[in-house]
2 protein chains.
Amino acid sequence: MKTYNLIYDDYLNEIETAIKRFADGLDCKPDILRESLLYSLQAGGKRLRPVLMLAVADVLSVPHDKVINFALALELIHTYSLIHDDLPEMDNDDYRRGRLSNHKVYGCGNAVLAGDGLLNTAYSILFDMCAQGKEQIAAAKFICNCAGVYGMIAGQSADLLHENDKDFNSETLEFIYKNKTSKLITAAVVTPSIICGGKNYSELKSFGYNLGYLFQLTDDILDVEGNFEQMGKSIGKDKDEGKYTSIAVYGLEESKLQADLLTSACCKILEGLDGDVGFLKELVETVKTRIN
Amino acid sequence: MKTYNLIYDDYLNEIETAIKRFADGLDCKPDILRESLLYSLQAGGKRLRPVLMLAVADVLSVPHDKVINFALALELIHTYSLIHDDLPEMDNDDYRRGRLSNHKVYGCGNAVLAGDGLLNTAYSILFDMCAQGKEQIAAAKFICNCAGVYGMIAGQSADLLHENDKDFNSETLEFIYKNKTSKLITAAVVTPSIICGGKNYSELKSFGYNLGYLFQLTDDILDVEGNFEQMGKSIGKDKDEGKYTSIAVYGLEESKLQADLLTSACCKILEGLDGDVGFLKELVETVKTRIN
């Protein structure tokens with residue numbers, strides 16, 4: 001039986017192949033536009049969202065070729081959000097995935113356009129998928145809504161709004177995490193369900209929400225306990241920048257306790273599904289105990 | 001017979017009604033996200049692209065209810081591009097449509113998100129349209145491509161790249177105008193054709209290209225000869241900011257001559273169409289002689 005790491009690598013290879021094929025086919029001008037897009041897209045990273053999509057597809061017995069373009073589009077959307085998030089006026093991050101962030105290399109104007117370009121291209125891929133049928137249209141629409149003003153962008157906006165907010169509370173925290181992080185992760189795990197007609201739709205939606213929240217909590221914990229080499233981005237800056245995180249709201253120990261509870265909740269949902277959920281359960285554990 | 005201005009106002013009312021309906025239905029949080037989106041979207045303006053779409057729909061006998069959501073989505077895309085274009089790292093414009101630009105009111109971070117939000121919402125509207133059939137999917141895809149890295153974003157990127165470029169030439173100018181301005185205008189006039197199965201597709205594509213170029217030329221001329229009150233944005237700043245325009249490449253007189261030629265080309269294409277093109281011909285004349 002394949003180990004968790006080998007399975008993860010298989011998924012990762014499949015995704016990197018799709019990204020490479022996409023990059024090879026991208027011939028937009030001027031060169032700096034293409035280069036700045038691919039600089040961020042090809043920076044590696046865990047590819048958590050597309051890996052999740054392929055893994056859930058396996059649980060539901062959905063062939064990978066039915067979802068791989070959705071996985072690619074989702075990774076483009078995620079990457080666009082990182083580029084815009086890193087801008088000085090937003091989270092102001094100089095490093096991402098272990099190297100200089102997009103605007104530090106190409107300047108802010110080009111970084112704005114690189115983000116816009118990735119977002120647009122993601123939707124171009126999704127419109128192509130729409131031609132295949134109504135499930136594909138529904139999946140594209142679901143991803144779009146998770147990324148949009150009732151999803152990730154709402155979370156980013158609230159995140160920005162509540163910097164240095166002395167009245168920051170658990171409700172605000174939940175709004176931000178639910179939207180900024182959980183929505184795209186939910187899109188990843190729900191897409192294969194929509195493609196196959198809605199199997200385990202609500203369970204997967206709930207799983208995505210909990211896993212996204214867990215991911216964000218561990219991000220907060222790592223911002224306190226992690227280090228730059230492992231994380232590939234600046235550490236300890238949440239507090240420096242007046243960002244309230246779960247650590248500020250609940251404290252470190254309570255946050256770790258919540259992470260445990262969310263891990264259990266995720267695993268319980270997975271156990272209620274029909275297919276082989278072994279890999280996904282290990283993935284949840286790995287998110288909880290991750291060091292980067 | 002209705003005068004040109006009355007017909008324009010009818011189209012405009014229809015579009016403003018669609019925008020108002022959209023705004024009334026938009027209930028995203030936090031409030032600043034909704035407010036900043038609508039600040040730019042509801043700033044008025046000529047609504048040239050949606051007006052063009054409705055006018056071409058009339059020429060092709062396509063009912064307005066078949067295209068109004070495409071027109072709305074296109075105006076959202078246009079508005080997003082203005083917000084991002086006005087950012088300090090891009091065109092750095094403090095005024096737009098006669099009032100402070102988005103980032104001057106809400107800050108750069110929120111302006112980036114307002115633009116992202118409008119773009120995403122435009123695609124959400126288009127995914128809804130996709131459920132209606134393959135023509136709608138094709139039209140959505142066409143609009144997306146016109147807006148993307150082989151269209152408007154390519155033009156914006158080249159525009160940014162060639163600021164203060166001593167080797168700026170007519171080829172670069174054409175690349176920028178063709179992509180930055182003409183592509184979305186082409187999307188406006190081609191969409192009704194795609195919706196009705198491709199009637200006059202190539203003529204309208206060519207018309208859009210020429211009209212977009214004409215619009216950009218007159219923009220350059222107005223940057224020299226216009227004034228702030230009429231234009232609602234800063235004047236004379238192209239040169240101040242190291243932007244090369246058709247005035248720098250060809251001179252004012254030659255640019256005006258080109259505007260005449262493009263006007264003739266547009267009218268000639270229109271005369272080759274079947275329906276009543278009276279309004280569109282006047283619109284072309286108005287673009288040429290416009291003062292704002």
# chains A, B, ... in the order shown; residues from 1 in each chain; ligands from 1
>>> residues_around(residues="Asp65 in chain B", least_positions_apart="5", cutoff="10 Å", atoms="only C-alpha atoms", output="count of residues only")
3
>>> closest_atom_pairs(of="range 14-115 of chain B", to="range 104-124 of chain A", cutoff="9 Å", atoms="only C-alpha atoms", output="CSV")
residue,atom,partner,partner_atom,distance
B:His84,CA,A:Val112,CA,7.5
B:Asp85,CA,A:Gly109,CA,8.8
B:Leu87,CA,A:Gly109,CA,8.1
B:Pro88,CA,A:Gly109,CA,8.2
B:Glu89,CA,A:Gly109,CA,4.7
B:Met90,CA,A:Gly109,CA,5.1
B:Asp91,CA,A:Gly109,CA,8.9
B:Val112,CA,A:Val112,CA,7.8
>>> residues_around(residues="range 6-15 of chain A", least_positions_apart="3", cutoff="6 Å", atoms="only C-alpha atoms", output="PyMOL selection string")
chain A and resi 3+18+51
>>> write_last_selection(atoms="N, CA and C atoms", output="PDB file, in the first residue's frame")
ATOM      1  N   THR A   3       2.285   4.872   0.717  1.00  0.00           N
ATOM      2  CA  THR A   3       2.247   5.758   1.886  1.00  0.00           C
ATOM      3  C   THR A   3       1.593   7.086   1.518  1.00  0.00           C
ATOM      4  N   ALA A  18      -0.227  19.633 -15.148  1.00  0.00           N
ATOM      5  CA  ALA A  18      -1.293  20.492 -15.696  1.00  0.00           C
ATOM      6  C   ALA A  18      -0.835  21.954 -15.721  1.00  0.00           C
ATOM      7  N   VAL A  51      -4.793  19.420  -4.773  1.00  0.00           N
ATOM      8  CA  VAL A  51      -4.593  18.067  -4.222  1.00  0.00           C
ATOM      9  C   VAL A  51      -5.882  17.586  -3.562  1.00  0.00           C
TER      10      VAL A  51
END
>>> closest_residue(among="A:Ala154, A:Leu257, A:Ile125, A:Glu203", to="Lys141 in chain B", atoms="only C-alpha atoms")
A:Ile125
>>> closest_residue(among="A:Leu280, A:Tyr4, A:Cys28, A:Thr17", to="Gly155 in chain B", atoms="only C-alpha atoms")
A:Cys28
>>> atom_distance(atom1="CA of Ser170 in chain B", atom2="CA of Phe215 in chain B")
16.8 Å
>>> residues_around(residues="range 186-189 of chain B", least_positions_apart="5", cutoff="8 Å", atoms="only C-alpha atoms", output="compact mmCIF listing (two decimals) with N, CA and C atoms, in the first residue's frame")
# COMPACT_ATOMS: atom_id res chain seq x y z
N ARG B 49 -20.03 51.08 -23.57
CA ARG B 49 -20.01 49.67 -23.97
C ARG B 49 -21.41 49.02 -23.90
N PRO B 50 -22.11 49.15 -22.77
CA PRO B 50 -23.47 48.58 -22.77
C PRO B 50 -24.42 49.25 -23.76
N LEU B 52 -23.59 50.44 -26.65
CA LEU B 52 -23.24 49.82 -27.94
C LEU B 52 -23.87 48.43 -28.05
N MET B 53 -23.82 47.68 -26.97
CA MET B 53 -24.36 46.32 -27.04
C MET B 53 -25.86 46.33 -27.34
N VAL B 56 -26.42 47.48 -31.05
CA VAL B 56 -26.15 46.41 -32.02
C VAL B 56 -27.23 45.34 -31.93
N ALA B 71 -24.43 43.01 -20.96
CA ALA B 71 -24.09 44.43 -20.93
C ALA B 71 -23.70 44.86 -19.52
N LEU B 74 -20.30 43.43 -18.63
CA LEU B 74 -19.24 44.17 -19.33
C LEU B 74 -18.96 45.51 -18.65
N PHE B 142 -16.08 34.79 -25.01
CA PHE B 142 -15.55 35.87 -25.86
C PHE B 142 -15.26 37.12 -25.01
N ILE B 143 -16.20 37.48 -24.17
CA ILE B 143 -16.01 38.64 -23.30
C ILE B 143 -14.79 38.42 -22.39
N CYS B 146 -11.61 38.86 -24.28
CA CYS B 146 -11.36 40.28 -24.59
C CYS B 146 -10.82 41.02 -23.36
N LEU B 204 -18.76 43.05 -37.42
CA LEU B 204 -18.88 43.72 -36.12
C LEU B 204 -17.56 43.69 -35.35
N LYS B 205 -16.81 42.63 -35.54
CA LYS B 205 -15.50 42.56 -34.91
C LYS B 205 -14.60 43.68 -35.44
N SER B 206 -14.64 43.84 -36.73
CA SER B 206 -13.85 44.89 -37.37
C SER B 206 -14.35 46.28 -36.96
N PHE B 207 -15.66 46.42 -36.89
CA PHE B 207 -16.25 47.68 -36.43
C PHE B 207 -15.77 48.01 -35.02
N GLY B 208 -15.80 47.03 -34.14
CA GLY B 208 -15.37 47.23 -32.75
C GLY B 208 -13.93 47.66 -32.66
N TYR B 209 -13.09 47.01 -33.44
CA TYR B 209 -11.67 47.36 -33.44
C TYR B 209 -11.48 48.82 -33.85
N GLY B 212 -12.99 51.31 -31.27
CA GLY B 212 -12.14 51.38 -30.07
C GLY B 212 -10.92 52.24 -30.31
>>> closest_residue(among="A:Val190, A:Ile195, A:Ile137, A:Val249", to="chain B", atoms="only C-alpha atoms")
A:Ile137
>>> residues_around(residues="range 217-219 of chain B", least_positions_apart="4", cutoff="9 Å", atoms="only C-alpha atoms", output="list in words")
Tyr177, Gly212, Tyr213, Asp223, Val224, Thr245, Ser246, Ile247, Ser255, Lys256, Gln258, Ala259, Val287, Lys288, Thr289, Arg290, Ile291 and Asn292 of chain B
>>> atom_distance(atom1="CA of Gly275 in chain B", atom2="CA of Leu214 in chain B")
22.9 Å
>>> atom_distance(atom1="CA of Phe127 in chain B", atom2="CA of Gly148 in chain A")
12.8 Å
>>> select_by_dssp(residues="range 57-198 of chain B", states="strand (DSSP E or B)", output="count of residues only")
4
>>> select_by_dssp(residues="range 211-291 of chain B", states="helix (DSSP H, G or I)", output="PyMOL selection string")
chain B and resi 211-225+228-231+237-240+246-250+252-271+278-289
>>> closest_residue(among="B:Arg21, B:Gly45, B:Ala140, B:Lys134", to="Val67 in chain B", atoms="only C-alpha atoms")
B:Ala140
>>> closest_residue(among="A:Tyr39, A:Tyr250, A:Tyr80, A:Tyr150", to="chain B", atoms="only C-alpha atoms")
A:Tyr150
>>> closest_residue(among="B:Lys183, B:Asn69, B:Lys20, B:Lys243", to="Glu163 in chain B", atoms="only C-alpha atoms")
B:Lys243
